[in-house]
>>> print(open('my_file24.pdb').read())   # PDB, C-alpha atoms
ATOM      1  CA  MET Y   1       3.278 -16.695 -30.897  1.00  0.00           C
ATOM      2  CA  ILE Y   2       4.799 -13.685 -29.111  1.00  0.00           C
ATOM      3  CA  ASP Y   3       7.521 -11.920 -31.104  1.00  0.00           C
ATOM      4  CA  VAL Y   4       9.961 -10.339 -28.638  1.00  0.00           C
ATOM      5  CA  THR Y   5      11.612  -7.521 -30.591  1.00  0.00           C
ATOM      6  CA  ARG Y   6      14.679  -5.628 -29.405  1.00  0.00           C
ATOM      7  CA  THR Y   7      15.456  -2.091 -30.542  1.00  0.00           C
ATOM      8  CA  VAL Y   8      18.208   0.305 -29.510  1.00  0.00           C
ATOM      9  CA  ILE Y   9      17.044   3.921 -29.529  1.00  0.00           C
ATOM     10  CA  ARG Y  10      19.732   6.592 -29.359  1.00  0.00           C
ATOM     11  CA  CYS Y  11      18.475   9.811 -27.802  1.00  0.00           C
ATOM     12  CA  GLU Y  12      20.217  13.168 -28.033  1.00  0.00           C
ATOM     13  CA  ARG Y  13      19.159  14.534 -24.642  1.00  0.00           C
ATOM     14  CA  LEU Y  14      19.191  11.303 -22.656  1.00  0.00           C
ATOM     15  CA  PRO Y  15      21.152  11.792 -19.389  1.00  0.00           C
ATOM     16  CA  SER Y  16      24.161   9.514 -19.006  1.00  0.00           C
ATOM     17  CA  GLY Y  17      22.600   7.869 -15.941  1.00  0.00           C
ATOM     18  CA  PHE Y  18      19.912   6.384 -18.217  1.00  0.00           C
ATOM     19  CA  ASP Y  19      22.296   4.961 -20.785  1.00  0.00           C
ATOM     20  CA  GLY Y  20      21.195   1.327 -21.214  1.00  0.00           C
ATOM     21  CA  PHE Y  21      17.782   1.914 -19.602  1.00  0.00           C
ATOM     22  CA  ARG Y  22      15.487  -0.914 -20.761  1.00  0.00           C
ATOM     23  CA  ILE Y  23      11.758  -0.434 -21.355  1.00  0.00           C
ATOM     24  CA  THR Y  24       9.382  -3.289 -22.114  1.00  0.00           C
ATOM     25  CA  LEU Y  25       6.426  -1.920 -24.066  1.00  0.00           C
ATOM     26  CA  VAL Y  26       3.170  -3.855 -23.628  1.00  0.00           C
ATOM     27  CA  SER Y  27       0.151  -2.653 -25.596  1.00  0.00           C
ATOM     28  CA  ASP Y  28      -3.234  -3.588 -27.045  1.00  0.00           C
ATOM     29  CA  LEU Y  29      -3.794  -6.893 -25.285  1.00  0.00           C
ATOM     30  CA  HIS Y  30      -7.540  -6.763 -26.095  1.00  0.00           C
ATOM     31  CA  ASP Y  31      -8.387  -9.696 -23.806  1.00  0.00           C
ATOM     32  CA  ALA Y  32      -5.987 -12.029 -25.645  1.00  0.00           C
ATOM     33  CA  LEU Y  33      -4.819 -14.918 -23.487  1.00  0.00           C
ATOM     34  CA  PHE Y  34      -1.224 -16.226 -23.530  1.00  0.00           C
ATOM     35  CA  GLY Y  35      -1.100 -19.245 -21.271  1.00  0.00           C
ATOM     36  CA  GLU Y  36      -3.117 -19.942 -18.155  1.00  0.00           C
ATOM     37  CA  GLU Y  37      -3.555 -16.669 -16.252  1.00  0.00           C
ATOM     38  CA  GLN Y  38      -1.222 -15.027 -18.829  1.00  0.00           C
ATOM     39  CA  SER Y  39       1.680 -17.201 -17.633  1.00  0.00           C
ATOM     40  CA  GLU Y  40       3.408 -17.180 -21.039  1.00  0.00           C
ATOM     41  CA  LEU Y  41       3.165 -13.407 -21.401  1.00  0.00           C
ATOM     42  CA  LEU Y  42       4.314 -12.782 -17.835  1.00  0.00           C
ATOM     43  CA  GLY Y  43       7.241 -15.128 -18.384  1.00  0.00           C
ATOM     44  CA  LYS Y  44       8.290 -13.282 -21.536  1.00  0.00           C
ATOM     45  CA  ILE Y  45       8.065  -9.911 -19.775  1.00  0.00           C
ATOM     46  CA  ARG Y  46      10.126 -11.223 -16.855  1.00  0.00           C
ATOM     47  CA  GLU Y  47      12.818 -12.522 -19.231  1.00  0.00           C
ATOM     48  CA  THR Y  48      13.318  -9.030 -20.684  1.00  0.00           C
ATOM     49  CA  LYS Y  49      14.512  -7.758 -17.253  1.00  0.00           C
ATOM     50  CA  PRO Y  50      12.901  -4.347 -17.686  1.00  0.00           C
ATOM     51  CA  ASP Y  51      13.841  -1.169 -15.847  1.00  0.00           C
ATOM     52  CA  LEU Y  52      10.323   0.016 -16.729  1.00  0.00           C
ATOM     53  CA  ILE Y  53       7.190  -1.692 -18.038  1.00  0.00           C
ATOM     54  CA  ALA Y  54       5.151   0.728 -20.171  1.00  0.00           C
ATOM     55  CA  LEU Y  55       1.475  -0.099 -20.752  1.00  0.00           C
ATOM     56  CA  THR Y  56      -0.020   1.985 -23.560  1.00  0.00           C
ATOM     57  CA  GLY Y  57      -3.703   1.115 -23.493  1.00  0.00           C
ATOM     58  CA  ASP Y  58      -6.389  -1.133 -24.953  1.00  0.00           C
ATOM     59  CA  PHE Y  59      -6.009  -3.991 -22.493  1.00  0.00           C
ATOM     60  CA  ILE Y  60      -9.797  -4.212 -22.632  1.00  0.00           C
ATOM     61  CA  GLY Y  61     -11.426  -5.765 -25.701  1.00  0.00           C
ATOM     62  CA  THR Y  62     -15.141  -4.987 -25.449  1.00  0.00           C
ATOM     63  CA  LYS Y  63     -17.607  -3.569 -22.957  1.00  0.00           C
ATOM     64  CA  LYS Y  64     -18.172  -7.182 -21.813  1.00  0.00           C
ATOM     65  CA  SER Y  65     -14.491  -7.815 -21.029  1.00  0.00           C
ATOM     66  CA  ASP Y  66     -13.593  -9.723 -17.871  1.00  0.00           C
ATOM     67  CA  VAL Y  67     -12.161  -6.889 -15.785  1.00  0.00           C
ATOM     68  CA  GLY Y  68     -11.232  -9.217 -12.945  1.00  0.00           C
ATOM     69  CA  ARG Y  69      -9.132 -11.443 -15.195  1.00  0.00           C
ATOM     70  CA  MET Y  70      -7.265  -8.472 -16.615  1.00  0.00           C
ATOM     71  CA  LEU Y  71      -6.584  -7.077 -13.150  1.00  0.00           C
ATOM     72  CA  CYS Y  72      -5.165 -10.447 -12.063  1.00  0.00           C
ATOM     73  CA  PHE Y  73      -2.600 -10.087 -14.845  1.00  0.00           C
ATOM     74  CA  MET Y  74      -1.791  -6.472 -14.038  1.00  0.00           C
ATOM     75  CA  GLU Y  75      -1.371  -7.179 -10.327  1.00  0.00           C
ATOM     76  CA  LYS Y  76       1.568  -9.455 -11.163  1.00  0.00           C
ATOM     77  CA  LEU Y  77       3.468  -6.882 -13.236  1.00  0.00           C
ATOM     78  CA  PRO Y  78       4.878  -4.778 -10.346  1.00  0.00           C
ATOM     79  CA  GLU Y  79       6.562  -7.946  -9.079  1.00  0.00           C
ATOM     80  CA  ILE Y  80       8.719  -7.765 -12.227  1.00  0.00           C
ATOM     81  CA  GLY Y  81       9.523  -4.032 -12.267  1.00  0.00           C
ATOM     82  CA  PRO Y  82       8.117  -0.494 -12.105  1.00  0.00           C
ATOM     83  CA  VAL Y  83       4.984  -0.103 -14.235  1.00  0.00           C
ATOM     84  CA  CYS Y  84       3.304   2.931 -15.840  1.00  0.00           C
ATOM     85  CA  TYR Y  85      -0.071   2.816 -17.581  1.00  0.00           C
ATOM     86  CA  VAL Y  86      -2.091   5.092 -19.869  1.00  0.00           C
ATOM     87  CA  THR Y  87      -5.540   4.513 -21.313  1.00  0.00           C
ATOM     88  CA  GLY Y  88      -6.491   3.392 -24.798  1.00  0.00           C
ATOM     89  CA  ASN Y  89      -9.802   4.000 -26.539  1.00  0.00           C
ATOM     90  CA  HIS Y  90     -11.295   0.620 -25.606  1.00  0.00           C
ATOM     91  CA  GLU Y  91     -11.108   1.217 -21.860  1.00  0.00           C
ATOM     92  CA  PHE Y  92     -13.743   3.900 -22.275  1.00  0.00           C
ATOM     93  CA  ARG Y  93     -16.191   1.406 -23.761  1.00  0.00           C
ATOM     94  CA  LEU Y  94     -16.615  -0.272 -20.386  1.00  0.00           C
ATOM     95  CA  SER Y  95     -19.657   0.498 -18.264  1.00  0.00           C
ATOM     96  CA  THR Y  96     -19.121   3.218 -15.685  1.00  0.00           C
ATOM     97  CA  GLU Y  97     -19.012   0.627 -12.905  1.00  0.00           C
ATOM     98  CA  ASP Y  98     -16.505  -1.655 -14.660  1.00  0.00           C
ATOM     99  CA  LYS Y  99     -14.347   1.268 -15.771  1.00  0.00           C
ATOM    100  CA  GLU Y 100     -14.107   2.615 -12.215  1.00  0.00           C
ATOM    101  CA  ARG Y 101     -13.292  -0.879 -10.938  1.00  0.00           C
ATOM    102  CA  PHE Y 102     -10.608  -1.334 -13.577  1.00  0.00           C
ATOM    103  CA  PHE Y 103      -8.957   2.038 -12.999  1.00  0.00           C
ATOM    104  CA  ARG Y 104      -9.092   1.648  -9.219  1.00  0.00           C
ATOM    105  CA  GLY Y 105      -7.621  -1.857  -9.484  1.00  0.00           C
ATOM    106  CA  ILE Y 106      -4.700  -0.615 -11.565  1.00  0.00           C
ATOM    107  CA  CYS Y 107      -3.787   1.924  -8.892  1.00  0.00           C
ATOM    108  CA  ASP Y 108      -4.291  -0.594  -6.074  1.00  0.00           C
ATOM    109  CA  ALA Y 109      -1.880  -2.963  -7.837  1.00  0.00           C
ATOM    110  CA  GLY Y 110       0.925  -0.413  -7.474  1.00  0.00           C
ATOM    111  CA  ILE Y 111       0.928   0.664 -11.116  1.00  0.00           C
ATOM    112  CA  ARG Y 112       1.486   4.358 -11.802  1.00  0.00           C
ATOM    113  CA  PHE Y 113      -1.607   5.484 -13.717  1.00  0.00           C
ATOM    114  CA  LEU Y 114      -0.694   8.650 -15.626  1.00  0.00           C
ATOM    115  CA  ARG Y 115      -3.674  10.785 -16.622  1.00  0.00           C
ATOM    116  CA  ASN Y 116      -2.404  13.980 -18.238  1.00  0.00           C
ATOM    117  CA  GLU Y 117       0.369  14.232 -15.692  1.00  0.00           C
ATOM    118  CA  THR Y 118       4.129  14.010 -15.312  1.00  0.00           C
ATOM    119  CA  MET Y 119       6.299  11.950 -12.983  1.00  0.00           C
ATOM    120  CA  MET Y 120      10.032  12.140 -12.393  1.00  0.00           C
ATOM    121  CA  LEU Y 121      12.250   9.089 -12.590  1.00  0.00           C
ATOM    122  CA  GLU Y 122      15.741   9.003 -11.072  1.00  0.00           C
ATOM    123  CA  ARG Y 123      18.617   6.703 -12.033  1.00  0.00           C
ATOM    124  CA  LYS Y 124      22.288   6.952 -11.125  1.00  0.00           C
ATOM    125  CA  GLY Y 125      21.885  10.550 -10.007  1.00  0.00           C
ATOM    126  CA  ASP Y 126      20.118  11.718 -13.188  1.00  0.00           C
ATOM    127  CA  GLU Y 127      16.425  12.372 -13.834  1.00  0.00           C
ATOM    128  CA  ILE Y 128      14.024  12.125 -16.753  1.00  0.00           C
ATOM    129  CA  GLN Y 129      10.329  12.937 -16.861  1.00  0.00           C
ATOM    130  CA  ILE Y 130       7.640  10.494 -17.916  1.00  0.00           C
ATOM    131  CA  VAL Y 131       4.428  12.025 -19.234  1.00  0.00           C
ATOM    132  CA  GLY Y 132       1.196  10.090 -19.706  1.00  0.00           C
ATOM    133  CA  VAL Y 133      -1.974  11.273 -21.445  1.00  0.00           C
ATOM    134  CA  ASP Y 134      -5.487   9.865 -21.672  1.00  0.00           C
ATOM    135  CA  ASP Y 135      -6.787   8.644 -24.989  1.00  0.00           C
ATOM    136  CA  PRO Y 136      -9.091  11.225 -26.642  1.00  0.00           C
ATOM    137  CA  ALA Y 137     -11.866   8.602 -26.561  1.00  0.00           C
ATOM    138  CA  ILE Y 138     -12.491   9.763 -22.989  1.00  0.00           C
ATOM    139  CA  PHE Y 139     -14.721  12.333 -24.710  1.00  0.00           C
ATOM    140  CA  GLY Y 140     -16.438   9.700 -26.845  1.00  0.00           C
ATOM    141  CA  GLU Y 141     -15.603   8.238 -30.219  1.00  0.00           C
ATOM    142  CA  GLY Y 142     -15.877  10.271 -33.389  1.00  0.00           C
ATOM    143  CA  ARG Y 143     -14.072  13.499 -34.164  1.00  0.00           C
ATOM    144  CA  HIS Y 144     -12.263  13.560 -30.810  1.00  0.00           C
ATOM    145  CA  SER Y 145     -10.302  10.462 -31.784  1.00  0.00           C
ATOM    146  CA  MET Y 146      -8.733  12.369 -34.672  1.00  0.00           C
ATOM    147  CA  ASP Y 147      -8.626  15.839 -33.126  1.00  0.00           C
ATOM    148  CA  GLY Y 148      -5.064  16.803 -32.237  1.00  0.00           C
ATOM    149  CA  THR Y 149      -6.452  19.681 -30.208  1.00  0.00           C
ATOM    150  CA  VAL Y 150      -7.505  17.264 -27.464  1.00  0.00           C
ATOM    151  CA  LEU Y 151      -4.008  15.844 -27.092  1.00  0.00           C
ATOM    152  CA  LYS Y 152      -2.490  19.338 -27.172  1.00  0.00           C
ATOM    153  CA  GLN Y 153      -4.681  20.297 -24.237  1.00  0.00           C
ATOM    154  CA  GLU Y 154      -3.765  17.129 -22.359  1.00  0.00           C
ATOM    155  CA  LEU Y 155      -0.054  17.737 -22.895  1.00  0.00           C
ATOM    156  CA  GLU Y 156      -0.444  21.289 -21.588  1.00  0.00           C
ATOM    157  CA  GLN Y 157      -2.256  19.951 -18.529  1.00  0.00           C
ATOM    158  CA  ALA Y 158       0.618  17.539 -17.869  1.00  0.00           C
ATOM    159  CA  SER Y 159       2.907  20.578 -17.336  1.00  0.00           C
ATOM    160  CA  PHE Y 160       6.237  18.966 -18.179  1.00  0.00           C
ATOM    161  CA  SER Y 161       9.480  20.896 -18.434  1.00  0.00           C
ATOM    162  CA  PRO Y 162      10.944  21.473 -21.913  1.00  0.00           C
ATOM    163  CA  ASP Y 163      14.421  21.466 -20.365  1.00  0.00           C
ATOM    164  CA  ARG Y 164      14.415  17.787 -19.343  1.00  0.00           C
ATOM    165  CA  PHE Y 165      14.422  14.588 -21.349  1.00  0.00           C
ATOM    166  CA  THR Y 166      10.763  13.672 -21.883  1.00  0.00           C
ATOM    167  CA  LEU Y 167       9.349  10.186 -22.404  1.00  0.00           C
ATOM    168  CA  LEU Y 168       5.682  10.281 -23.444  1.00  0.00           C
ATOM    169  CA  LEU Y 169       3.291   7.353 -23.027  1.00  0.00           C
ATOM    170  CA  THR Y 170       0.212   7.671 -25.219  1.00  0.00           C
ATOM    171  CA  HIS Y 171      -2.061   5.391 -27.202  1.00  0.00           C
ATOM    172  CA  ARG Y 172      -2.261   7.236 -30.528  1.00  0.00           C
ATOM    173  CA  PRO Y 173       0.585   7.216 -33.076  1.00  0.00           C
ATOM    174  CA  GLU Y 174      -1.090   9.398 -35.712  1.00  0.00           C
ATOM    175  CA  GLN Y 175      -0.502  12.534 -33.639  1.00  0.00           C
ATOM    176  CA  LEU Y 176       3.302  12.470 -33.961  1.00  0.00           C
ATOM    177  CA  PRO Y 177       3.377  16.091 -35.256  1.00  0.00           C
ATOM    178  CA  VAL Y 178       1.590  17.188 -32.061  1.00  0.00           C
ATOM    179  CA  TYR Y 179       4.111  15.366 -29.884  1.00  0.00           C
ATOM    180  CA  ALA Y 180       7.008  16.854 -31.848  1.00  0.00           C
ATOM    181  CA  ASP Y 181       5.609  20.388 -31.505  1.00  0.00           C
ATOM    182  CA  ALA Y 182       5.385  19.836 -27.750  1.00  0.00           C
ATOM    183  CA  GLY Y 183       9.100  19.059 -27.581  1.00  0.00           C
ATOM    184  CA  VAL Y 184       8.825  15.408 -26.524  1.00  0.00           C
ATOM    185  CA  ASP Y 185      12.013  13.378 -26.971  1.00  0.00           C
ATOM    186  CA  LEU Y 186      10.580   9.861 -27.190  1.00  0.00           C
ATOM    187  CA  VAL Y 187       7.002   8.634 -27.646  1.00  0.00           C
ATOM    188  CA  LEU Y 188       5.818   5.093 -26.911  1.00  0.00           C
ATOM    189  CA  CYS Y 189       2.391   4.057 -28.189  1.00  0.00           C
ATOM    190  CA  GLY Y 190       0.235   1.360 -29.773  1.00  0.00           C
ATOM    191  CA  HIS Y 191      -3.291   1.410 -31.287  1.00  0.00           C
ATOM    192  CA  SER Y 192      -2.199   0.478 -34.822  1.00  0.00           C
ATOM    193  CA  HIS Y 193      -1.770  -3.300 -34.233  1.00  0.00           C
ATOM    194  CA  GLY Y 194       0.741  -3.079 -37.072  1.00  0.00           C
ATOM    195  CA  GLY Y 195      -2.341  -3.225 -39.266  1.00  0.00           C
ATOM    196  CA  GLN Y 196      -3.001  -6.894 -38.276  1.00  0.00           C
ATOM    197  CA  ILE Y 197      -2.765  -7.686 -41.992  1.00  0.00           C
ATOM    198  CA  ARG Y 198       0.590  -6.833 -43.587  1.00  0.00           C
ATOM    199  CA  MET Y 199       1.796  -7.311 -47.143  1.00  0.00           C
ATOM    200  CA  PRO Y 200       5.460  -7.780 -48.171  1.00  0.00           C
ATOM    201  CA  GLY Y 201       6.931  -4.558 -49.521  1.00  0.00           C
ATOM    202  CA  ILE Y 202       3.807  -2.608 -48.541  1.00  0.00           C
ATOM    203  CA  GLY Y 203       3.328  -2.958 -44.801  1.00  0.00           C
ATOM    204  CA  ALA Y 204      -0.032  -2.423 -43.156  1.00  0.00           C
ATOM    205  CA  LEU Y 205      -3.069  -2.210 -45.393  1.00  0.00           C
ATOM    206  CA  TYR Y 206      -5.306  -0.450 -42.887  1.00  0.00           C
ATOM    207  CA  VAL Y 207      -4.912   1.091 -39.440  1.00  0.00           C
ATOM    208  CA  PRO Y 208      -7.631   2.590 -37.193  1.00  0.00           C
ATOM    209  CA  SER Y 209      -7.704   6.402 -37.190  1.00  0.00           C
ATOM    210  CA  GLN Y 210      -5.450   6.502 -40.269  1.00  0.00           C
ATOM    211  CA  GLY Y 211      -7.272   4.432 -42.873  1.00  0.00           C
ATOM    212  CA  TRP Y 212      -5.765   2.648 -45.857  1.00  0.00           C
ATOM    213  CA  PHE Y 213      -1.986   2.464 -46.362  1.00  0.00           C
ATOM    214  CA  PRO Y 214      -1.204   4.359 -43.150  1.00  0.00           C
ATOM    215  CA  LYS Y 215       1.824   6.551 -42.543  1.00  0.00           C
ATOM    216  CA  TYR Y 216       2.440   5.155 -39.053  1.00  0.00           C
ATOM    217  CA  ASP Y 217       1.916   1.422 -38.538  1.00  0.00           C
ATOM    218  CA  CYS Y 218       4.699  -0.056 -36.386  1.00  0.00           C
ATOM    219  CA  GLY Y 219       8.304   0.384 -35.387  1.00  0.00           C
ATOM    220  CA  LEU Y 220      10.441   3.492 -35.033  1.00  0.00           C
ATOM    221  CA  TYR Y 221       9.670   6.891 -36.566  1.00  0.00           C
ATOM    222  CA  ARG Y 222      11.185  10.350 -36.293  1.00  0.00           C
ATOM    223  CA  GLU Y 223       9.868  13.877 -36.769  1.00  0.00           C
ATOM    224  CA  GLY Y 224      12.372  16.617 -36.056  1.00  0.00           C
ATOM    225  CA  LYS Y 225      14.047  15.727 -32.763  1.00  0.00           C
ATOM    226  CA  THR Y 226      11.164  13.516 -31.631  1.00  0.00           C
ATOM    227  CA  GLN Y 227      11.311   9.738 -32.006  1.00  0.00           C
ATOM    228  CA  MET Y 228       8.286   7.447 -31.709  1.00  0.00           C
ATOM    229  CA  TYR Y 229       8.041   3.690 -31.307  1.00  0.00           C
ATOM    230  CA  ILE Y 230       4.728   2.016 -32.201  1.00  0.00           C
ATOM    231  CA  SER Y 231       4.052  -1.433 -30.802  1.00  0.00           C
ATOM    232  CA  ARG Y 232       2.218  -3.932 -33.004  1.00  0.00           C
ATOM    233  CA  GLY Y 233       0.371  -4.942 -29.857  1.00  0.00           C
ATOM    234  CA  LEU Y 234      -0.584  -8.363 -28.590  1.00  0.00           C
ATOM    235  CA  GLY Y 235      -4.287  -8.809 -29.321  1.00  0.00           C
ATOM    236  CA  CYS Y 236      -6.753  -8.264 -32.127  1.00  0.00           C
ATOM    237  CA  SER Y 237      -9.595  -5.842 -32.765  1.00  0.00           C
ATOM    238  CA  VAL Y 238     -12.484  -5.947 -35.271  1.00  0.00           C
ATOM    239  CA  VAL Y 239     -11.159  -9.129 -36.944  1.00  0.00           C
ATOM    240  CA  ASN Y 240      -9.741 -11.858 -34.725  1.00  0.00           C
ATOM    241  CA  PHE Y 241      -6.667 -12.788 -36.733  1.00  0.00           C
ATOM    242  CA  ARG Y 242      -3.294 -11.497 -37.903  1.00  0.00           C
ATOM    243  CA  ILE Y 243      -1.479 -12.093 -41.191  1.00  0.00           C
ATOM    244  CA  SER Y 244       2.315 -11.587 -41.345  1.00  0.00           C
ATOM    245  CA  ASP Y 245       1.944  -9.597 -38.134  1.00  0.00           C
ATOM    246  CA  PRO Y 246       2.668 -11.641 -34.994  1.00  0.00           C
ATOM    247  CA  PRO Y 247       1.875 -10.232 -31.537  1.00  0.00           C
ATOM    248  CA  GLU Y 248       4.746  -8.056 -30.311  1.00  0.00           C
ATOM    249  CA  LEU Y 249       6.430  -7.534 -26.982  1.00  0.00           C
ATOM    250  CA  ALA Y 250       8.832  -4.664 -27.662  1.00  0.00           C
ATOM    251  CA  VAL Y 251      12.048  -4.260 -25.666  1.00  0.00           C
ATOM    252  CA  LEU Y 252      13.585  -0.814 -26.111  1.00  0.00           C
ATOM    253  CA  GLU Y 253      17.074   0.003 -24.898  1.00  0.00           C
ATOM    254  CA  LEU Y 254      17.768   3.720 -24.546  1.00  0.00           C
ATOM    255  CA  ARG Y 255      21.291   4.828 -25.297  1.00  0.00           C
ATOM    256  CA  THR Y 256      23.043   8.171 -25.218  1.00  0.00           C
ATOM    257  CA  ILE Y 257      24.653   9.585 -28.346  1.00  0.00           C
ATOM    258  CA  ILE Y 258      28.403   9.686 -27.902  1.00  0.00           C
TER     259      ILE Y 258
END
>>> encode(input="my_file24.pdb", output="structure tokens")
Amino acid sequence: MIDVTRTVIRCERLPSGFDGFRITLVSDLHDALFGEEQSELLGKIRETKPDLIALTGDFIGTKKSDVGRMLCFMEKLPEIGPVCYVTGNHEFRLSTEDKERFFRGICDAGIRFLRNETMMLERKGDEIQIVGVDDPAIFGEGRHSMDGTVLKQELEQASFSPDRFTLLLTHRPEQLPVYADAGVDLVLCGHSHGGQIRMPGIGALYVPSQGWFPKYDCGLYREGKTQMYISRGLGCSVVNFRISDPPELAVLELRTII
């Protein structure tokens, strides 16, 4: 059921020390279960041999999600490789108690939880910066989910340097112009589910926050010097099925431009 996709992304400003850097992008699990205690999913992630596991939100399905079960899965990820996590909109639907337990558990597991902040990553003597921002749903659903102003403020709060290669982890793909204006080199995100229902020659019919026949549904996009990869995600939301849109585990290999 899991479609392991492999994409080479050539980046203009990528330092030579990160040539061949492999990121496994895991997004939008929404309580979906792949084998007992996620054994199938964990096995697939392990097989990709990631240099970084990027988690871009919506691991929670509903406010009644089993937080403990999800944390059991996340606790196993650092055994495979370094892990960074940012929130999706569904995490903020949990009760205050469950949300605090979930967020605390992520940190206790050894996962780097990026909330409008920047971390440096070193490899072979070179450095890049990884920026992570909260989903705008932290302020509640509604206009904030579509308001690029919120993400602009979060990116400013993260205080990253425009002079270094910047990898941004976020949940929302529809704000690509905001990310490009901020000078981000590469964006990794989810949220779209690839539409869940796709038609040959058309693509996704509908995507949350974009509506019918969306501009950004899955795969690789570019605006100016900014590239963005959207995961189709692993789980389902609203309707519990997919058509011509299998769950995706995306493996991204970063390469320098010679």
>>> residues_around(input="my_file24.pdb", residues="region 242-250 of chain Y", least_positions_apart="5", cutoff="8 Å", atoms="all atoms listed in the file", output="MDAnalysis selection string")
chainID Y and resid 1:7 24:26 45 194:199 231:236
>>> atom_distance(input="my_file24.pdb", atom1="CA of Val8 (chain Y)", atom2="CA of Val251 (chain Y)")
8.6 Å
>>> residues_around(input="my_file24.pdb", residues="Arg172 (chain Y)", least_positions_apart="3", cutoff="10 Å", atoms="only C-alpha atoms", output="number ranges by chain")
Y: 56-57, 88-89, 133-136, 145-146, 151, 169, 175-176, 187-192, 208-209, 216, 230
>>> closest_residue(input="my_file24.pdb", among="Y:Gln129, Y:Leu14, Y:Leu55, Y:Lys152", to="Asp181 (chain Y)", atoms="all atoms listed in the file")
Y:Lys152
>>> closest_residue(input="my_file24.pdb", among="Y:Lys215, Y:Tyr179, Y:Lys76, Y:Ile111", to="Gln38 (chain Y)", atoms="all atoms listed in the file")
Y:Lys76
>>> atom_distance(input="my_file24.pdb", atom1="CA of Asp28 (chain Y)", atom2="CA of Ile128 (chain Y)")
25.5 Å
>>> resolve_selection(input="my_file24.pdb", expression="the PyMOL selection byres ((chain Y and resi 164) around 10)", output="PyMOL selection string")
chain Y and resi 13-15+120+127-129+160-163+165-167+183-185
>>> resolve_selection(input="my_file24.pdb", expression="the PyMOL selection byres ((chain Y and resi 131) around 6)", output="ChimeraX atom specification")
/Y:117-118,130,132,168
>>> axis_aligned_box(input="my_file24.pdb", around="region 21-38 of chain Y", padding_each_side="3 Å", output="AutoDock Vina command-line options")
--center_x 4.7 --center_y -9.0 --center_z -21.6 --size_x 32.2 --size_y 27.9 --size_z 16.8
>>> atom_distance(input="my_file24.pdb", atom1="CA of Leu52 (chain Y)", atom2="CA of Ile23 (chain Y)")
4.9 Å
>>> closest_residue(input="my_file24.pdb", among="Y:Val67, Y:Leu29, Y:Val178, Y:Val86", to="Gly105 (chain Y)", atoms="all atoms listed in the file")
Y:Val67
>>> decode(input="my_file24.pdb", residues="region 89-102 of chain Y", atoms="N, CA and C atoms", output="PDB file, in the first residue's frame")
ATOM      1  N   ASN Y  89      -2.402  21.040  11.119  1.00  0.00           N
ATOM      2  CA  ASN Y  89      -3.608  21.650  11.689  1.00  0.00           C
ATOM      3  C   ASN Y  89      -4.355  20.708  12.631  1.00  0.00           C
ATOM      4  N   HIS Y  90      -4.263  19.398  12.388  1.00  0.00           N
ATOM      5  CA  HIS Y  90      -5.037  18.456  13.198  1.00  0.00           C
ATOM      6  C   HIS Y  90      -4.506  18.313  14.616  1.00  0.00           C
ATOM      7  N   GLU Y  91      -3.222  18.532  14.831  1.00  0.00           N
ATOM      8  CA  GLU Y  91      -2.692  18.445  16.186  1.00  0.00           C
ATOM      9  C   GLU Y  91      -3.388  19.420  17.130  1.00  0.00           C
ATOM     10  N   PHE Y  92      -3.833  20.536  16.594  1.00  0.00           N
ATOM     11  CA  PHE Y  92      -4.457  21.552  17.432  1.00  0.00           C
ATOM     12  C   PHE Y  92      -5.939  21.287  17.702  1.00  0.00           C
ATOM     13  N   ARG Y  93      -6.425  20.152  17.213  1.00  0.00           N
ATOM     14  CA  ARG Y  93      -7.793  19.739  17.529  1.00  0.00           C
ATOM     15  C   ARG Y  93      -7.856  18.868  18.785  1.00  0.00           C
ATOM     16  N   LEU Y  94      -6.677  18.441  19.260  1.00  0.00           N
ATOM     17  CA  LEU Y  94      -6.644  17.665  20.488  1.00  0.00           C
ATOM     18  C   LEU Y  94      -7.056  18.520  21.687  1.00  0.00           C
ATOM     19  N   SER Y  95      -7.506  17.862  22.743  1.00  0.00           N
ATOM     20  CA  SER Y  95      -7.756  18.591  23.988  1.00  0.00           C
ATOM     21  C   SER Y  95      -6.440  19.165  24.488  1.00  0.00           C
ATOM     22  N   THR Y  96      -6.520  20.154  25.353  1.00  0.00           N
ATOM     23  CA  THR Y  96      -5.309  20.769  25.887  1.00  0.00           C
ATOM     24  C   THR Y  96      -4.418  19.736  26.556  1.00  0.00           C
ATOM     25  N   GLU Y  97      -5.021  18.828  27.317  1.00  0.00           N
ATOM     26  CA  GLU Y  97      -4.258  17.807  28.026  1.00  0.00           C
ATOM     27  C   GLU Y  97      -3.551  16.860  27.057  1.00  0.00           C
ATOM     28  N   ASP Y  98      -4.291  16.367  26.045  1.00  0.00           N
ATOM     29  CA  ASP Y  98      -3.704  15.438  25.083  1.00  0.00           C
ATOM     30  C   ASP Y  98      -2.653  16.125  24.221  1.00  0.00           C
ATOM     31  N   LYS Y  99      -2.892  17.367  23.860  1.00  0.00           N
ATOM     32  CA  LYS Y  99      -1.937  18.106  23.034  1.00  0.00           C
ATOM     33  C   LYS Y  99      -0.616  18.287  23.786  1.00  0.00           C
ATOM     34  N   GLU Y 100      -0.701  18.672  25.058  1.00  0.00           N
ATOM     35  CA  GLU Y 100       0.508  18.847  25.859  1.00  0.00           C
ATOM     36  C   GLU Y 100       1.249  17.518  26.020  1.00  0.00           C
ATOM     37  N   ARG Y 101       0.489  16.443  26.216  1.00  0.00           N
ATOM     38  CA  ARG Y 101       1.104  15.115  26.333  1.00  0.00           C
ATOM     39  C   ARG Y 101       1.799  14.720  25.041  1.00  0.00           C
ATOM     40  N   PHE Y 102       1.154  14.978  23.920  1.00  0.00           N
ATOM     41  CA  PHE Y 102       1.713  14.632  22.622  1.00  0.00           C
ATOM     42  C   PHE Y 102       2.986  15.416  22.342  1.00  0.00           C
TER      43      PHE Y 102
END
